[in-house]
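One structure is given here, and the rest of the page talks about it.
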Amino acid sequence: MTIEIDRRQMMALGTFGLGALSVPASASLINAKGFTHGVASGEPSQNSVLLWTRFVGSDDSKLIAEIADNAEFTAAKIAGEIEATAERDFTAKIVVEGLNPNQWYFFRFIGPDGSKSMTGRTRTLPQGPTQKFNIGVVGCSNMPFGYFNAYAHAAQNADLDLIIHTGDYLYEYPVGTYPSKEQTLAGRVIDPKHEMVQLADYRLRYAAYRSDPDLQRIHQVLPMIPSWDDHEFANDAYMDGAENHDPSEGDWALRKRVAERVYREWMPVQDMEFGSPRWREYQIGDLATLFFTESRIGGRDKPLDLAAAIKGQSDVTAALSTFRDDVWQDPSHSMLGKVQEMWLADRFGKSKASGTKWQVWSQQCVMGELILPQDAKNWVPDDAPPIAQARVAVGALAAKIGLPINFDSWDGYPQARARSLTAAQQAEADLIVLSGDSHNAWAFDLETQDGAAGVEFAGHSVSSPGFEAYTKGVNPDVVAQAVTETNSQLQWADTQHRGYMTVALTPDKAVSTWHFLDSIRKKSIAMVGSKSQTVLRGANQLQA
C-alpha cells in the first residue's frame, strides 16, 4: 500500500526554509549542541532505507531511531539504537529494514536527554509493475555564490519521489577564490576560510553547508541518492591527483581517503572500506534501473591538456591534428576504469533482460559532444581575464578540426564514451543519461558510429555560475543557439539560468523538465519558466 501524504502531514514536518535560519552558518555552529544539522535519508530499496542525523553531546551519545507511516508517530516502530561519536564527527546513521515497498514513512531520532530531532520524511522504492516515478536532479551548489533556492523549490514539489545529487555538493576553495570577494553574497559564510585539505577542514565545510536551511529541508523531506564529483575532493580530480592539489598540501592518496571519509560521515550513504567498489544500482519496480557510477578517484586517468599539447609548437594546427588523431583517441584513456566499465555493460544487459523499461545512468560529467562555436571569439569582452580570453581563442582553433571545449568531461575520453554507449546499444537499452558538472542545461541525442544510443538530460546548477559568467553583454539566446547549431547531437541548451531538473518516468515515455529560478541573489523560489524534453521508449532519441 502507498501512503498518500496530505497537507496536514506535510505541515507536521515544519515549515522552515525561506526566511528561516538566516543566521550565518559559522555563527550557528559555535558551541552547538544536540541535533545540530537536521535529518536525512538515502539509499532506498523496496524494503529498507538509510536514516542520518548528527547529535552533539558532552560525550558519545546513544540515539533511538523511530519510524512510522504517519507524521503523528502513532504505532511508531523503534528502528534501532545508534551511537553518535566524536570519532565520526557526531554523525550517526542506521539502515532500517522490514519496510513495505512504495510507501512514504516518517522518522525521527531521540537523544539521551529525551530531545527529539526534527521529523523527516522518506520512502521506499516500488516493486513490480510501476506506472510512474518522479526524480529531482540537483548539482553544483556553491554556497557563497547565492542562496540554495533550487533546493527550496524542489523540497516543495509534491510530485517528487526521490532526489539525485550529481555532485559538487560543496566546494573546496578558500574564501574569496571561487567566488571572488566581490562575487560573494553577504551572509553566505563558509568555514574554514582556507582551502579544505585536512580532516578538520572537510568536516567544517560540510557543517557550514549543512547549516543552510534549504539544504537541510530537501534532506528532511525526500530521500537523496548523491554522488560526488571533483569538488568534494579538489578541482578536476582524477585517480592520481587533481588540478587543485599541490604536493605541498600533502599526499594525494591521503587527501582522497580523508575526503571520502568525511563525505560518508555527513551524507546519507553507507560506510564502506576505502577502495571498495563505489558503483551501485537501484531498482524502481519494472519501470527503471538507476545506475550510479564513480568517475573521479577510482579509475579516471588524468584529463588531457590541450594547452600543453600546443605549447612551444611552431605549427599549432599540425600539433592539434596530431593531438586529435593520437593522444585524444587513445583507447586506454579511461573515465571509469576497466572493472567499473565492465560492470556497467553487464548491468545494462541484465536490466534489459529482466523486462525493466528504462536504463537510467546517473553520473557526473556531460557526455554529449560539445565543440565551441567560432562566434565565441566575439563573446568574451576585452576586459575579461586573460585566461578566459586564451581559453576561447584555443577552443575556437581546436573546434576547427573537431576538438571539444572541455577535456575534463566525457569529450576528453571519446573511446571510453564510445565503449559504454556501444554496450548500451548491444543490450538494446532504453538509455537515459543524467549528468551535472557544467552548470548549464543541455539535452542531447547520444550516438555512436552505429547510430542512436540514448539521450542525455544534463542539469543546470543550484548556484554555481555557467556560460553566462563568461559572455556578459551577449544575449544568452544567441549563445545557446550558436552552441546548438554547432553541435549536431545537442538538441537544446540553456546557458543562463540556475535551478534544478525533474525527470518523470512512465512506461511509454520519459520527460525531463528544467526549472529556472528568477534569482539566487535573494531568498525566493520565484521561477521565470521551464523547458521540457521528451523521449519515447524505444526511440533512443529526443522527440522532435
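Letters A, B, ... go to the chains of the C-alpha cells in the order shown; residues in each chain start at 1; ligands are counted from 1 in the same order.
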
Which of segment 249-448 of chain A DSSP labels strand (DSSP E or B), written as an NGL selection string: :A and (280-284 or 288-292 or 358-362 or 431-435 or 441-448)

Resulting file, chosen residues, C-alpha atoms, as a CSV table (one decimal), in the first residue's frame:
```csv
chain,number,residue,atom,x,y,z
A,280,ARG,CA,25.7,0.8,-7.3
A,281,GLU,CA,22.2,0.4,-8.7
A,282,TYR,CA,18.6,0.8,-7.6
A,283,GLN,CA,15.5,-0.8,-9.0
A,284,ILE,CA,12.3,1.2,-9.4
A,288,ALA,CA,13.7,1.7,-14.4
A,289,THR,CA,17.1,0.7,-13.1
A,290,LEU,CA,19.2,3.6,-11.8
A,291,PHE,CA,22.9,3.1,-12.3
A,292,PHE,CA,25.4,5.3,-10.4
A,358,TRP,CA,14.3,2.3,-18.7
A,359,GLN,CA,18.1,2.1,-18.0
A,360,VAL,CA,18.9,5.4,-16.3
A,361,TRP,CA,22.6,6.2,-15.8
A,362,SER,CA,23.3,8.9,-13.3
A,431,LEU,CA,19.2,4.7,-22.1
A,432,ILE,CA,18.8,7.9,-20.3
A,433,VAL,CA,22.0,9.6,-19.0
A,434,LEU,CA,21.7,12.1,-16.2
A,435,SER,CA,24.6,14.5,-15.6
A,441,ALA,CA,21.2,22.8,-19.1
A,442,TRP,CA,21.6,20.5,-22.1
A,443,ALA,CA,19.5,17.9,-24.0
A,444,PHE,CA,21.5,15.6,-26.2
A,445,ASP,CA,20.9,12.7,-28.6
A,446,LEU,CA,23.7,10.4,-27.8
A,447,GLU,CA,25.2,8.5,-30.7
A,448,THR,CA,27.9,6.2,-31.8
```

Residues within 8 Å of segment 482-488 of chain A, please, as a CSV table (one decimal) with C-alpha atoms, in the first residue's frame. Count only C-alpha atoms; anything in the same chain fewer than 3 positions from it doesn't count.
```
chain,number,residue,atom,x,y,z
A,369,GLU,CA,29.8,16.1,-27.7
A,370,LEU,CA,30.4,19.9,-27.4
A,371,ILE,CA,32.7,22.0,-29.5
A,372,LEU,CA,33.0,25.7,-29.3
A,373,PRO,CA,31.2,27.9,-31.9
A,375,ASP,CA,31.3,33.1,-32.8
A,478,VAL,CA,22.3,33.9,-29.2
A,479,VAL,CA,24.8,31.9,-27.2
A,491,GLN,CA,19.1,19.4,-29.4
A,492,TRP,CA,18.5,22.2,-26.8
A,493,ALA,CA,20.5,24.3,-24.4
```

Do you know which residues are at most 10 Å from Ile401 of chain A counting only C-alpha atoms, after dropping those on the same chain fewer than 5 positions away, and could you put them as a ChimeraX atom specification? /A:317,320-321,324,371,396

How would the residues just picked look written out with C-alpha atoms as a PDB file, in the first residue's frame?
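Written output follows (result.pdb):
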```pdb
ATOM      1  CA  THR A 317      47.434  23.436 -36.419  1.00  0.00           C
ATOM      2  CA  LEU A 320      46.446  19.986 -32.777  1.00  0.00           C
ATOM      3  CA  SER A 321      45.927  17.494 -35.583  1.00  0.00           C
ATOM      4  CA  ARG A 324      43.422  14.799 -32.140  1.00  0.00           C
ATOM      5  CA  ILE A 371      32.736  21.966 -29.541  1.00  0.00           C
ATOM      6  CA  ALA A 396      37.884  28.147 -31.288  1.00  0.00           C
TER       7      ALA A 396
END
```

So that I can see what lies close to Val197 of chain A, please list as a ChimeraX atom specification the residues with an atom at most 9 Å from it, counting only C-alpha atoms and leaving out residues fewer than 6 positions away in the same chain. /A:172,233-234,245,249-250,255,258-259

Residue nearest Ile67 of chain A among A:Ser115, A:Ser48, A:Ser463, A:Gln127 (counting only C-alpha atoms):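 Looking only at the distances to Ile67 of chain A, the closest residue turns out to be A:Ser48.
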
Shortest interatomic distance to His219 of chain A - which of A:His231, A:Arg121, A:His194, A:Arg264, counting only C-alpha atoms: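 Of A:His231, A:Arg121, A:His194, A:Arg264, the one nearest His219 of chain A, counting only C-alpha atoms, is A:Arg121.
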
DSSP-assigned helix (DSSP H, G or I) members of segment 213-321 of chain A, reported as a ChimeraX atom specification: /A:213-221,247-249,252-266,306-310,316-321

Return the single residue from A:Phe133, A:Tyr169, A:Phe457, A:Trp410 that is closest to Pro226 of chain A, with distances computed using only C-alpha atoms. A:Tyr169

For Val269 of chain A, the closest of A:Met224, A:Val394, A:Thr177, A:Arg419 counting only C-alpha atoms is A:Met224

Could you tell me how far atom CA of Gly38 of chain A lies from atom CA of Arg123 of chain A, in Å and to one decimal? 17.5 Å

Rank nothing, just name the residue among A:Thr166, A:Trp266, A:Ala398, A:Ile520 nearest to Thr322 of chain A, using only C-alpha atoms.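 Result for the nearest residue to Thr322 of chain A: A:Ala398.
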
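Distance-wise, atom CA of Trp279 of chain A and atom CA of Asp301 of chain A end up 17.3 Å apart.
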